[in-house]
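A.B. asks: For reference, the file my_file-v4.cif (mmCIF, C-alpha atoms and all ligand atoms) is included below:
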data_final
#
loop_
_atom_site.label_atom_id
_atom_site.label_comp_id
_atom_site.auth_asym_id
_atom_site.auth_seq_id
_atom_site.Cartn_x
_atom_site.Cartn_y
_atom_site.Cartn_z
CA MET A 18 -140.86 6.37 30.84
CA THR A 19 -138.79 9.49 31.36
CA LYS A 20 -135.09 9.18 30.90
CA THR A 21 -133.56 9.76 34.28
CA HIS A 22 -129.94 8.87 33.61
CA GLN A 23 -127.84 11.16 31.51
CA LYS A 24 -124.44 10.31 32.92
CA GLN A 25 -122.08 8.01 31.09
CA ASN A 26 -122.30 4.45 32.39
CA LEU A 27 -118.68 3.32 32.83
CA LEU A 28 -119.80 -0.28 32.47
CA ASP A 29 -120.11 0.30 28.73
CA PHE A 30 -116.36 0.71 28.23
CA ASP A 31 -113.64 -1.80 27.48
CA LEU A 32 -110.06 -0.61 28.06
CA ASP A 33 -109.82 1.37 24.82
CA GLY A 34 -113.22 2.95 25.37
CA MET A 35 -112.34 3.89 28.94
CA LYS A 36 -109.01 5.41 27.84
CA ALA A 37 -110.75 7.46 25.17
CA PHE A 38 -113.31 8.64 27.72
CA PHE A 39 -110.61 9.79 30.13
CA SER A 40 -108.62 11.60 27.47
CA GLU A 41 -111.78 13.32 26.17
CA ASN A 42 -112.20 14.59 29.71
CA GLY A 43 -108.63 15.86 29.87
CA GLU A 44 -107.33 13.03 32.07
CA LYS A 45 -104.46 10.59 31.71
CA GLY A 46 -105.16 7.27 29.99
CA PHE A 47 -103.75 5.17 32.83
CA ARG A 48 -106.67 6.25 34.98
CA ALA A 49 -108.71 3.92 32.78
CA VAL A 50 -106.76 0.93 34.11
CA GLN A 51 -107.39 1.97 37.70
CA VAL A 52 -111.11 2.37 37.16
CA LEU A 53 -111.43 -0.93 35.28
CA LYS A 54 -109.69 -2.72 38.15
CA TRP A 55 -112.00 -1.14 40.69
CA ILE A 56 -115.10 -2.20 38.82
CA HIS A 57 -114.22 -5.60 37.43
CA GLN A 58 -111.64 -6.92 39.89
CA ARG A 59 -112.73 -5.46 43.19
CA GLY A 60 -116.44 -5.19 42.42
CA MET A 61 -116.54 -1.52 43.45
CA ILE A 62 -119.14 0.61 41.69
CA ASP A 63 -119.13 3.64 43.98
CA ILE A 64 -116.75 6.12 42.37
CA SER A 65 -116.34 8.07 45.63
CA GLN A 66 -114.68 4.99 47.19
CA MET A 67 -112.04 4.58 44.47
CA ASN A 68 -109.33 5.87 46.75
CA ASP A 69 -106.32 5.66 44.48
CA LEU A 70 -107.87 8.45 42.42
CA SER A 71 -107.53 11.95 43.85
CA LYS A 72 -110.57 13.36 45.56
CA VAL A 73 -110.78 16.09 42.95
CA LEU A 74 -110.77 13.55 40.15
CA ARG A 75 -113.39 11.41 41.87
CA GLU A 76 -115.66 14.41 42.23
CA LYS A 77 -115.13 15.45 38.63
CA LEU A 78 -115.78 11.90 37.46
CA GLN A 79 -118.99 11.63 39.46
CA GLU A 80 -120.35 14.69 37.69
CA VAL A 81 -120.16 13.04 34.29
CA ALA A 82 -120.17 9.32 34.96
CA GLU A 83 -121.54 6.56 37.12
CA ILE A 84 -121.77 2.78 37.20
CA ARG A 85 -125.28 1.47 36.77
CA MET A 86 -126.12 -2.19 37.16
CA PRO A 87 -129.29 -3.99 36.16
CA GLU A 88 -131.60 -4.96 39.00
CA VAL A 89 -131.64 -8.57 40.18
CA VAL A 90 -135.32 -9.54 40.03
CA ILE A 91 -134.96 -13.26 40.71
CA ASP A 92 -131.98 -15.26 41.97
CA GLN A 93 -132.77 -18.98 41.83
CA LEU A 94 -130.74 -21.97 42.92
CA SER A 95 -131.37 -25.36 41.35
CA ASN A 96 -131.11 -28.70 43.17
CA ASP A 97 -127.97 -29.44 41.18
CA GLY A 98 -126.25 -26.17 42.12
CA THR A 99 -127.08 -24.37 38.87
CA ARG A 100 -128.02 -20.77 39.58
CA LYS A 101 -130.10 -18.45 37.46
CA TRP A 102 -130.56 -14.70 37.67
CA LEU A 103 -133.32 -12.72 36.07
CA LEU A 104 -132.02 -9.20 35.53
CA ARG A 105 -134.08 -6.13 34.73
CA MET A 106 -132.49 -3.50 32.51
CA GLU A 107 -133.15 0.21 32.78
CA ASP A 108 -135.86 0.10 30.14
CA GLY A 109 -137.73 -2.69 31.90
CA ASN A 110 -136.58 -5.51 29.63
CA CYS A 111 -135.35 -8.61 31.39
CA ILE A 112 -132.75 -11.22 30.56
CA GLU A 113 -131.46 -14.40 32.12
CA THR A 114 -127.96 -15.52 33.08
CA VAL A 115 -127.06 -19.01 34.28
CA PHE A 116 -124.13 -20.27 36.37
CA ILE A 117 -123.25 -23.95 36.04
CA PRO A 118 -120.79 -25.25 38.65
CA GLN A 119 -118.84 -28.38 37.76
CA LYS A 120 -116.06 -30.25 39.50
CA ASP A 121 -113.20 -28.52 37.74
CA ARG A 122 -114.80 -25.30 36.58
CA GLY A 123 -117.64 -22.84 36.87
CA THR A 124 -119.31 -21.76 33.63
CA LEU A 125 -121.44 -18.67 33.20
CA CYS A 126 -123.93 -18.68 30.33
CA VAL A 127 -124.41 -15.09 29.17
CA SER A 128 -127.14 -13.51 27.02
CA SER A 129 -126.39 -11.11 24.17
CA GLN A 130 -129.85 -9.92 23.12
CA VAL A 131 -133.34 -9.54 24.53
CA GLY A 132 -135.09 -12.27 22.58
CA CYS A 133 -133.73 -13.48 19.27
CA ILE A 134 -134.42 -12.86 15.61
CA LEU A 135 -133.33 -16.22 14.22
CA ASN A 136 -136.47 -18.21 14.97
CA CYS A 137 -134.89 -21.65 15.35
CA SER A 138 -137.76 -24.13 15.49
CA PHE A 139 -136.56 -25.95 18.64
CA CYS A 140 -135.68 -22.94 20.82
CA SER A 141 -138.04 -21.31 23.29
CA THR A 142 -136.20 -17.97 23.20
CA ALA A 143 -137.37 -17.73 19.57
CA LYS A 144 -140.98 -17.80 20.72
CA GLN A 145 -140.68 -14.44 22.44
CA GLY A 146 -139.46 -12.75 19.27
CA PHE A 147 -136.71 -10.17 19.11
CA ASN A 148 -136.74 -7.06 21.22
CA ARG A 149 -133.31 -5.44 21.13
CA ASN A 150 -129.56 -5.82 21.39
CA LEU A 151 -127.91 -5.62 24.78
CA SER A 152 -125.26 -2.95 25.38
CA THR A 153 -121.70 -3.80 26.38
CA GLY A 154 -122.57 -2.76 29.93
CA GLU A 155 -125.62 -5.03 30.03
CA ILE A 156 -123.55 -7.99 28.81
CA ILE A 157 -120.62 -7.52 31.20
CA ALA A 158 -123.05 -6.73 34.04
CA GLN A 159 -124.17 -10.37 33.89
CA LEU A 160 -120.63 -11.42 34.76
CA TRP A 161 -120.34 -8.74 37.41
CA VAL A 162 -123.62 -9.62 39.13
CA ALA A 163 -122.79 -13.33 39.10
CA ALA A 164 -119.27 -12.69 40.42
CA LYS A 165 -120.65 -10.43 43.14
CA THR A 166 -123.31 -12.90 44.33
CA LEU A 167 -120.86 -15.78 44.19
CA GLY A 168 -118.42 -13.83 46.39
CA GLN A 169 -115.69 -13.75 43.75
CA PHE A 170 -114.73 -10.13 44.41
CA GLU A 171 -113.91 -10.78 48.05
CA GLU A 172 -110.27 -10.64 49.09
CA GLY A 173 -108.53 -13.99 48.53
CA ALA A 174 -111.68 -15.57 47.04
CA ASP A 175 -111.41 -18.32 44.44
CA ARG A 176 -112.28 -17.57 40.87
CA MET A 177 -115.77 -19.04 40.81
CA ILE A 178 -116.43 -18.16 37.18
CA SER A 179 -113.62 -19.84 35.25
CA ASN A 180 -115.42 -20.03 31.89
CA VAL A 181 -117.92 -17.91 30.00
CA VAL A 182 -120.13 -19.11 27.19
CA MET A 183 -122.06 -16.64 25.05
CA MET A 184 -124.90 -19.17 24.78
CA GLY A 185 -127.75 -17.48 26.55
CA MET A 186 -130.52 -15.58 24.81
CA GLY A 187 -129.78 -14.09 21.40
CA GLU A 188 -127.35 -14.45 18.52
CA PRO A 189 -124.09 -12.83 19.69
CA LEU A 190 -122.69 -12.23 16.20
CA LEU A 191 -125.73 -10.11 15.34
CA ASN A 192 -124.76 -7.77 18.18
CA PHE A 193 -121.12 -7.77 17.20
CA ASP A 194 -119.62 -4.56 18.59
CA ALA A 195 -121.21 -4.73 22.02
CA VAL A 196 -120.41 -8.45 22.36
CA VAL A 197 -116.77 -8.00 21.32
CA ALA A 198 -116.23 -5.10 23.73
CA ALA A 199 -117.76 -7.17 26.54
CA MET A 200 -115.59 -10.17 25.64
CA LYS A 201 -112.53 -7.91 25.66
CA LEU A 202 -113.39 -7.09 29.26
CA MET A 203 -113.71 -10.80 30.01
CA LEU A 204 -110.20 -11.32 28.61
CA ASP A 205 -108.51 -8.15 29.88
CA ASP A 206 -106.04 -8.68 32.73
CA ASN A 207 -107.27 -5.40 34.18
CA ALA A 208 -110.81 -6.78 34.26
CA PHE A 209 -111.84 -10.47 34.45
CA GLY A 210 -108.60 -11.85 32.94
CA LEU A 211 -109.95 -15.08 31.45
CA SER A 212 -107.92 -16.86 28.78
CA LYS A 213 -109.25 -17.00 25.21
CA ARG A 214 -109.80 -20.73 25.54
CA ARG A 215 -112.20 -20.13 28.38
CA VAL A 216 -114.49 -17.68 26.62
CA THR A 217 -116.71 -19.33 24.01
CA LEU A 218 -119.02 -17.66 21.55
CA SER A 219 -121.84 -19.79 20.19
CA THR A 220 -123.33 -18.88 16.82
CA ALA A 221 -126.07 -20.28 14.62
CA GLY A 222 -123.67 -19.56 11.75
CA VAL A 223 -123.45 -15.85 10.93
CA ILE A 224 -120.52 -16.23 8.53
CA PRO A 225 -119.42 -12.58 8.14
CA GLY A 226 -119.42 -12.25 11.93
CA MET A 227 -117.27 -15.38 12.29
CA ASP A 228 -114.68 -13.95 9.91
CA ARG A 229 -114.68 -10.61 11.65
CA LEU A 230 -114.40 -12.25 15.03
CA SER A 231 -111.27 -14.14 14.08
CA GLU A 232 -109.66 -10.78 13.20
CA GLU A 233 -110.82 -8.89 16.25
CA CYS A 234 -111.15 -11.29 19.17
CA GLY A 235 -110.18 -14.91 18.63
CA VAL A 236 -112.14 -16.59 21.39
CA ALA A 237 -113.27 -20.22 21.28
CA MET A 238 -116.03 -20.83 18.74
CA ALA A 239 -119.08 -23.07 19.03
CA VAL A 240 -121.32 -23.53 16.01
CA SER A 241 -124.92 -24.73 16.30
CA LEU A 242 -125.01 -27.24 13.46
CA HIS A 243 -127.92 -29.56 14.36
CA ALA A 244 -128.35 -31.09 10.89
CA THR A 245 -126.34 -32.70 8.13
CA ASN A 246 -128.35 -31.54 5.13
CA ASP A 247 -129.59 -28.10 4.09
CA GLU A 248 -133.21 -29.13 3.79
CA LEU A 249 -133.46 -30.10 7.45
CA ARG A 250 -131.19 -27.31 8.65
CA ASN A 251 -133.33 -24.74 6.80
CA GLU A 252 -136.20 -25.95 8.91
CA LEU A 253 -134.37 -26.09 12.25
CA VAL A 254 -132.16 -23.02 11.82
CA PRO A 255 -133.78 -20.76 9.18
CA LEU A 256 -130.54 -18.72 9.00
CA ASN A 257 -129.22 -21.68 6.99
CA LYS A 258 -131.10 -20.37 3.94
CA LYS A 259 -128.72 -17.43 3.97
CA TYR A 260 -125.59 -19.29 5.08
CA PRO A 261 -125.85 -22.96 4.01
CA ILE A 262 -123.88 -25.83 5.51
CA LYS A 263 -121.11 -25.96 2.93
CA ASP A 264 -120.30 -22.26 3.34
CA LEU A 265 -120.58 -22.56 7.10
CA LEU A 266 -118.07 -25.40 7.23
CA GLU A 267 -115.69 -23.37 5.09
CA ALA A 268 -116.03 -20.47 7.52
CA CYS A 269 -115.24 -22.88 10.37
CA ARG A 270 -112.12 -24.00 8.54
CA ARG A 271 -111.04 -20.38 8.06
CA TYR A 272 -111.61 -19.70 11.75
CA VAL A 273 -109.35 -22.54 12.89
CA ASN A 274 -106.75 -21.84 10.24
CA ASN A 275 -106.34 -18.20 11.09
CA GLY A 276 -103.05 -18.36 12.94
CA LEU A 277 -103.99 -19.50 16.39
CA LYS A 278 -104.26 -23.17 17.16
CA ARG A 279 -107.96 -23.60 17.79
CA HIS A 280 -110.73 -26.04 17.26
CA ILE A 281 -114.45 -25.62 16.68
CA THR A 282 -117.12 -27.11 18.89
CA PHE A 283 -120.09 -28.28 16.84
CA GLU A 284 -123.27 -28.23 18.89
CA TYR A 285 -125.80 -30.79 17.80
CA ILE A 286 -129.21 -31.06 19.45
CA MET A 287 -130.56 -34.60 19.63
CA ILE A 288 -134.21 -34.50 18.54
CA LYS A 289 -136.15 -37.75 18.36
CA ASP A 290 -136.65 -39.05 14.81
CA VAL A 291 -135.59 -35.70 13.35
CA ASN A 292 -131.79 -35.71 13.28
CA ASP A 293 -130.68 -38.62 15.46
CA SER A 294 -130.20 -41.58 13.12
CA VAL A 295 -127.01 -43.58 12.66
CA ALA A 296 -126.91 -42.48 9.02
CA GLU A 297 -126.85 -38.85 10.18
CA ALA A 298 -124.09 -39.60 12.67
CA LYS A 299 -122.02 -41.12 9.85
CA LYS A 300 -122.67 -38.14 7.61
CA LEU A 301 -121.79 -35.72 10.39
CA GLY A 302 -118.52 -37.57 10.94
CA ARG A 303 -117.64 -37.28 7.25
CA MET A 304 -118.59 -33.62 7.08
CA ILE A 305 -116.36 -32.43 9.89
CA LYS A 306 -113.51 -34.92 9.68
CA ASN A 307 -111.10 -32.41 8.21
CA ILE A 308 -111.91 -29.61 10.62
CA PRO A 309 -110.13 -29.66 14.00
CA SER A 310 -113.23 -29.98 16.11
CA LYS A 311 -115.31 -31.81 18.63
CA VAL A 312 -119.03 -32.46 18.78
CA ASN A 313 -121.14 -31.37 21.72
CA LEU A 314 -124.36 -33.38 21.73
CA ILE A 315 -127.19 -31.61 23.51
CA PRO A 316 -130.29 -33.60 24.44
CA PHE A 317 -133.28 -31.56 23.27
CA ASN A 318 -134.91 -29.79 26.21
CA PRO A 319 -138.66 -29.79 25.71
CA TYR A 320 -140.94 -26.85 26.55
CA PRO A 321 -144.73 -26.39 26.23
CA ASN A 322 -146.26 -26.53 22.76
CA THR A 323 -143.14 -27.83 21.07
CA GLU A 324 -143.57 -30.41 18.35
CA TYR A 325 -140.25 -32.06 19.20
CA GLU A 326 -139.22 -34.73 21.66
CA PRO A 327 -135.81 -35.57 23.05
CA SER A 328 -133.96 -38.54 21.58
CA SER A 329 -133.93 -41.73 23.62
CA GLN A 330 -130.81 -42.56 25.58
CA GLN A 331 -130.33 -45.52 23.27
CA ALA A 332 -130.36 -43.28 20.19
CA ILE A 333 -127.90 -40.90 21.84
CA ASP A 334 -125.55 -43.74 22.81
CA LEU A 335 -125.62 -45.12 19.28
CA PHE A 336 -125.02 -41.68 17.78
CA VAL A 337 -122.04 -41.16 20.09
CA LYS A 338 -120.62 -44.59 19.27
CA THR A 339 -120.93 -44.00 15.54
CA LEU A 340 -119.14 -40.66 15.78
CA VAL A 341 -116.40 -42.06 18.01
CA ASP A 342 -115.91 -45.02 15.66
CA ASN A 343 -115.40 -42.46 12.92
CA GLY A 344 -112.67 -40.70 14.85
CA ILE A 345 -114.71 -37.77 16.15
CA ILE A 346 -114.36 -36.43 19.71
CA VAL A 347 -117.78 -36.25 21.34
CA VAL A 348 -119.02 -34.73 24.57
CA THR A 349 -122.62 -35.20 25.64
CA ARG A 350 -123.95 -32.20 27.49
CA ARG A 351 -125.69 -33.09 30.70
CA THR A 352 -128.87 -31.14 31.18
CA ARG A 353 -128.50 -28.83 34.15
CA GLY A 354 -130.85 -26.64 36.09
CA GLU A 355 -134.04 -28.04 34.58
CA ASP A 356 -136.04 -27.47 37.76
CA ILE A 357 -135.49 -23.72 37.47
CA ASP A 358 -135.92 -23.55 33.66
CA ALA A 359 -132.25 -22.78 33.22
CA ALA A 360 -131.38 -25.46 30.67
CA CYS A 361 -130.42 -24.79 27.03
CA GLY A 362 -133.30 -23.36 25.07
CA GLN A 363 -135.34 -22.70 28.19
CA LEU A 364 -134.22 -19.13 28.72
CA ALA A 365 -137.06 -16.83 27.98
CA GLY A 366 -136.81 -13.92 30.37
CA LYS A 367 -139.34 -11.31 31.05
CA VAL A 368 -140.22 -8.96 28.25
CA GLN A 369 -141.98 -5.70 28.41
CA ASP A 370 -145.23 -5.85 26.51
CA LYS A 371 -145.84 -3.53 23.61
CA THR A 372 -148.05 -1.13 25.54
CA ARG A 373 -145.15 -0.60 27.97
CA ARG A 374 -147.66 -0.54 30.78
CA SER A 375 -147.29 -3.96 32.26
CA LEU A 376 -144.64 -6.58 32.56
CA ARG A 377 -145.45 -9.99 31.29
CA TYR A 378 -143.51 -12.96 32.51
CA ILE A 379 -143.04 -15.41 29.71
CA LYS A 380 -142.01 -18.68 31.20
CA ALA A 381 -140.67 -21.40 28.99
CA VAL A 382 -141.66 -24.34 31.12
CA GLY A 383 -144.44 -25.14 33.52
CA GLU A 384 -146.96 -22.49 32.58
N1 LIG A 401 -127.69 -18.04 18.89
C1 LIG A 401 -126.58 -18.79 19.37
C2 LIG A 401 -126.46 -18.85 20.88
C3 LIG A 401 -127.72 -19.17 21.71
S1 LIG A 401 -128.33 -20.82 21.75
C4 LIG A 401 -126.56 -20.18 18.76
O1 LIG A 401 -127.50 -20.51 18.05
O2 LIG A 401 -125.59 -20.89 18.93
C5 LIG A 401 -127.23 -21.77 22.67
C6 LIG A 401 -127.37 -23.27 22.37
O3 LIG A 401 -128.57 -23.82 22.93
C7 LIG A 401 -127.43 -23.54 20.88
O4 LIG A 401 -126.62 -24.58 20.48
C8 LIG A 401 -128.89 -23.87 20.70
O5 LIG A 401 -129.06 -24.57 19.54
C9 LIG A 401 -129.19 -24.64 21.98
N2 LIG A 401 -130.63 -24.81 22.22
C10 LIG A 401 -131.63 -23.98 21.91
N3 LIG A 401 -132.83 -24.51 22.23
C11 LIG A 401 -132.60 -25.70 22.77
C12 LIG A 401 -133.43 -26.72 23.33
N4 LIG A 401 -134.75 -26.60 23.38
N5 LIG A 401 -132.84 -27.82 23.81
C13 LIG A 401 -131.49 -27.95 23.80
N6 LIG A 401 -130.66 -27.02 23.28
C14 LIG A 401 -131.20 -25.91 22.78
#
Please express the file's structure as structure tokens.
Ligand code: SAH
C.D. replies:
Amino acid sequence: MTKTHQKQNLLDFDLDGMKAFFSENGEKGFRAVQVLKWIHQRGMIDISQMNDLSKVLREKLQEVAEIRMPEVVIDQLSNDGTRKWLLRMEDGNCIETVFIPQKDRGTLCVSSQVGCILNCSFCSTAKQGFNRNLSTGEIIAQLWVAAKTLGQFEEGADRMISNVVMMGMGEPLLNFDAVVAAMKLMLDDNAFGLSKRRVTLSTAGVIPGMDRLSEECGVAMAVSLHATNDELRNELVPLNKKYPIKDLLEACRRYVNNGLKRHITFEYIMIKDVNDSVAEAKKLGRMIKNIPSKVNLIPFNPYPNTEYEPSSQQAIDLFVKTLVDNGIIVVTRRTRGEDIDAACGQLAGKVQDKTRRSLRYIKAVGE
């Protein structure tokens, strides 16, 4: 494929990046604020229409920059209102983004990488392997496209997307810089203006990234725990061999202790006869008792050729009761968007095959 775009994509900049870009081009830094507002608050990506910039500046800007969005390949609506977009990037790679409307909020589940390197045994994204990191622009574009289709940029419209979770495809802390810049745009009052409580990063437990994140961008943290002993966690989340449970829990403690009043959300997938016993619930309760936290139980979502099965409702209820009896706050995640393969662990996307000649659609469910 020949490279057709040489201009700077303004979607790749957070406020600092945009300011630097303007000053490198001999312009005042406050122009950055104006442009950010046009793009991320008014949904305007045509520079020539940004009419609070002088015509001369607009023309100059258009010579060196533009705003390029990924292409929406599929826009699917589930019976329960969940919506999923398949977006194609400039290089042909595709990713998925999911919007989950609830009574009191609307949550967007955002991807950080094409594929994933971690190879968790229960996750279908792992089966497609790792292709590449997403850029800042490709991450924030997911928010922009969702906001645009949901009508959020229209004058007087409600804020449809009230929460963002970095829980789509990929491990966000292994794409640190691009993810942090994109999250800064989510938080920036000149862009999406969400509060830190409403932006959550989910990690399989990349400890150095967790420490760095607390210094640079203290958003809400979710940790995919899934097991109460290293032997099982090594199997489910192979990253555990590098960052075992004890060290991970210490990192969680550091994250909550670092100034801001925060808590950790521990995600725990309920897999039948693997990690769903009462004994494990008791152990989990003991392990996290001293960390300000809550547990988010996620019923395992099956996909073809998986060896695992979801826990029974009875096992889930008992697990919840045991945790609650031990003083732990528990939320059970309701599976959403199953009919459009939008549930946790079902995001697979479309990846370009190695020959770069054809596109292969890898579907997690229903093949
Ligand atoms: N890499 C990050 C973020 C992506 S996964 C992380 O590991 O946290 C987002 C959440 O979906 C994680 O908690 C993950 O464990 C969960 N998940 C993955 N596959 C799943 C499946 N088949 N069923 C239910 N949840 C799944």
A.B. asks: Counting only C-alpha atoms, note down every residue that has an atom within 8 Å of the point (-129.6, -8.2, 23.8) (file coordinates), as a VMD selection string.
C.D. replies: chain A and resid 128 to 132 148 to 152 156 186 to 187 192
A.B. asks: Calculated over all atoms listed in the file, which of the candidates A:Glu297, A:Glu83, A:Glu88, A:Glu188 has the smallest distance to ligand LIG 401 (chain A)?
C.D. replies: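 Going through A:Glu297, A:Glu83, A:Glu88, A:Glu188 one by one, the smallest distance to ligand LIG 401 (chain A) is for A:Glu188.
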A.B. asks: With distances taken over all atoms listed in the file, which of A:Thr349, A:Ser219, A:Gln331, A:Asn274 is nearest to ligand LIG 401 (chain A)?
C.D. replies: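 With all atoms listed in the file as the atom set, the closest residue is A:Ser219.
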A.B. asks: Draw an axis-aligned box over all listed atoms of ligand LIG 401 (chain A), pad each side with 3 Å, and write its centre and edge lengths in Å, one decimal, as AutoDock Vina command-line options.
C.D. replies:
--center_x -130.2 --center_y -23.0 --center_z 20.9 --size_x 15.2 --size_y 15.9 --size_z 11.8
A.B. asks: Hey, which residues come within 8 Å of ligand LIG 401 (chain A) if we count only C-alpha atoms and all ligand atoms? Could you give them as a PyMOL selection string?
C.D. replies: chain A and resi 128+133+135+137+139-142+183-189+218-222+239-243+284-287+315-320+360-363
A.B. asks: Taking only C-alpha atoms into account, which of A:Gly154, A:Gly109, A:Gly60, A:Gly226 comes nearest A:Gln169?
C.D. replies: A:Gly60
A.B. asks: Output as a PDB file, keeping the file's coordinate frame: stretch 113-120 of chain A, completed with all heavy atoms.
C.D. replies:
ATOM      1  N   GLU A 113    -131.877 -13.376  31.179  1.00  0.00           N
ATOM      2  CA  GLU A 113    -131.460 -14.400  32.120  1.00  0.00           C
ATOM      3  C   GLU A 113    -129.997 -14.779  31.930  1.00  0.00           C
ATOM      4  O   GLU A 113    -129.478 -14.782  30.816  1.00  0.00           O
ATOM      5  CB  GLU A 113    -132.348 -15.635  31.969  1.00  0.00           C
ATOM      6  CG  GLU A 113    -133.771 -15.334  32.384  1.00  0.00           C
ATOM      7  CD  GLU A 113    -134.695 -16.519  32.297  1.00  0.00           C
ATOM      8  OE1 GLU A 113    -134.623 -17.292  31.332  1.00  0.00           O
ATOM      9  OE2 GLU A 113    -135.524 -16.666  33.201  1.00  0.00           O
ATOM     10  N   THR A 114    -129.367 -15.103  33.051  1.00  0.00           N
ATOM     11  CA  THR A 114    -127.960 -15.520  33.080  1.00  0.00           C
ATOM     12  C   THR A 114    -127.888 -16.762  33.953  1.00  0.00           C
ATOM     13  O   THR A 114    -128.556 -16.812  34.986  1.00  0.00           O
ATOM     14  CB  THR A 114    -127.106 -14.415  33.730  1.00  0.00           C
ATOM     15  OG1 THR A 114    -127.350 -13.195  33.040  1.00  0.00           O
ATOM     16  CG2 THR A 114    -125.632 -14.740  33.670  1.00  0.00           C
ATOM     17  N   VAL A 115    -127.084 -17.744  33.541  1.00  0.00           N
ATOM     18  CA  VAL A 115    -127.060 -19.010  34.280  1.00  0.00           C
ATOM     19  C   VAL A 115    -125.621 -19.376  34.659  1.00  0.00           C
ATOM     20  O   VAL A 115    -124.708 -19.289  33.832  1.00  0.00           O
ATOM     21  CB  VAL A 115    -127.665 -20.151  33.419  1.00  0.00           C
ATOM     22  CG1 VAL A 115    -127.627 -21.475  34.178  1.00  0.00           C
ATOM     23  CG2 VAL A 115    -129.092 -19.823  32.996  1.00  0.00           C
ATOM     24  N   PHE A 116    -125.435 -19.784  35.911  1.00  0.00           N
ATOM     25  CA  PHE A 116    -124.130 -20.270  36.370  1.00  0.00           C
ATOM     26  C   PHE A 116    -124.196 -21.768  36.588  1.00  0.00           C
ATOM     27  O   PHE A 116    -125.087 -22.272  37.258  1.00  0.00           O
ATOM     28  CB  PHE A 116    -123.734 -19.572  37.685  1.00  0.00           C
ATOM     29  CG  PHE A 116    -122.428 -20.058  38.248  1.00  0.00           C
ATOM     30  CD1 PHE A 116    -121.227 -19.794  37.586  1.00  0.00           C
ATOM     31  CD2 PHE A 116    -122.380 -20.789  39.428  1.00  0.00           C
ATOM     32  CE1 PHE A 116    -120.016 -20.250  38.094  1.00  0.00           C
ATOM     33  CE2 PHE A 116    -121.173 -21.243  39.948  1.00  0.00           C
ATOM     34  CZ  PHE A 116    -119.987 -20.976  39.266  1.00  0.00           C
ATOM     35  N   ILE A 117    -123.249 -22.484  35.977  1.00  0.00           N
ATOM     36  CA  ILE A 117    -123.250 -23.950  36.040  1.00  0.00           C
ATOM     37  C   ILE A 117    -121.944 -24.415  36.708  1.00  0.00           C
ATOM     38  O   ILE A 117    -120.890 -24.440  36.067  1.00  0.00           O
ATOM     39  CB  ILE A 117    -123.349 -24.546  34.626  1.00  0.00           C
ATOM     40  CG1 ILE A 117    -124.563 -23.951  33.893  1.00  0.00           C
ATOM     41  CG2 ILE A 117    -123.438 -26.077  34.668  1.00  0.00           C
ATOM     42  CD1 ILE A 117    -124.326 -23.665  32.442  1.00  0.00           C
ATOM     43  N   PRO A 118    -122.011 -24.775  37.987  1.00  0.00           N
ATOM     44  CA  PRO A 118    -120.790 -25.250  38.650  1.00  0.00           C
ATOM     45  C   PRO A 118    -120.506 -26.707  38.295  1.00  0.00           C
ATOM     46  O   PRO A 118    -121.428 -27.522  38.245  1.00  0.00           O
ATOM     47  CB  PRO A 118    -121.121 -25.121  40.141  1.00  0.00           C
ATOM     48  CG  PRO A 118    -122.601 -25.125  40.236  1.00  0.00           C
ATOM     49  CD  PRO A 118    -123.163 -24.729  38.905  1.00  0.00           C
ATOM     50  N   GLN A 119    -119.260 -26.995  38.002  1.00  0.00           N
ATOM     51  CA  GLN A 119    -118.840 -28.380  37.760  1.00  0.00           C
ATOM     52  C   GLN A 119    -117.629 -28.641  38.632  1.00  0.00           C
ATOM     53  O   GLN A 119    -117.113 -27.732  39.262  1.00  0.00           O
ATOM     54  CB  GLN A 119    -118.489 -28.566  36.280  1.00  0.00           C
ATOM     55  CG  GLN A 119    -119.707 -28.695  35.390  1.00  0.00           C
ATOM     56  CD  GLN A 119    -119.367 -28.425  33.939  1.00  0.00           C
ATOM     57  OE1 GLN A 119    -119.048 -27.305  33.567  1.00  0.00           O
ATOM     58  NE2 GLN A 119    -119.401 -29.463  33.129  1.00  0.00           N
ATOM     59  N   LYS A 120    -117.166 -29.886  38.622  1.00  0.00           N
ATOM     60  CA  LYS A 120    -116.060 -30.250  39.500  1.00  0.00           C
ATOM     61  C   LYS A 120    -114.843 -29.336  39.296  1.00  0.00           C
ATOM     62  O   LYS A 120    -114.293 -28.776  40.224  1.00  0.00           O
ATOM     63  CB  LYS A 120    -115.654 -31.699  39.229  1.00  0.00           C
ATOM     64  CG  LYS A 120    -115.996 -32.617  40.404  1.00  0.00           C
ATOM     65  CD  LYS A 120    -115.344 -33.970  40.222  1.00  0.00           C
ATOM     66  CE  LYS A 120    -116.401 -35.040  40.049  1.00  0.00           C
ATOM     67  NZ  LYS A 120    -116.298 -35.894  38.909  1.00  0.00           N
TER      68      LYS A 120
END
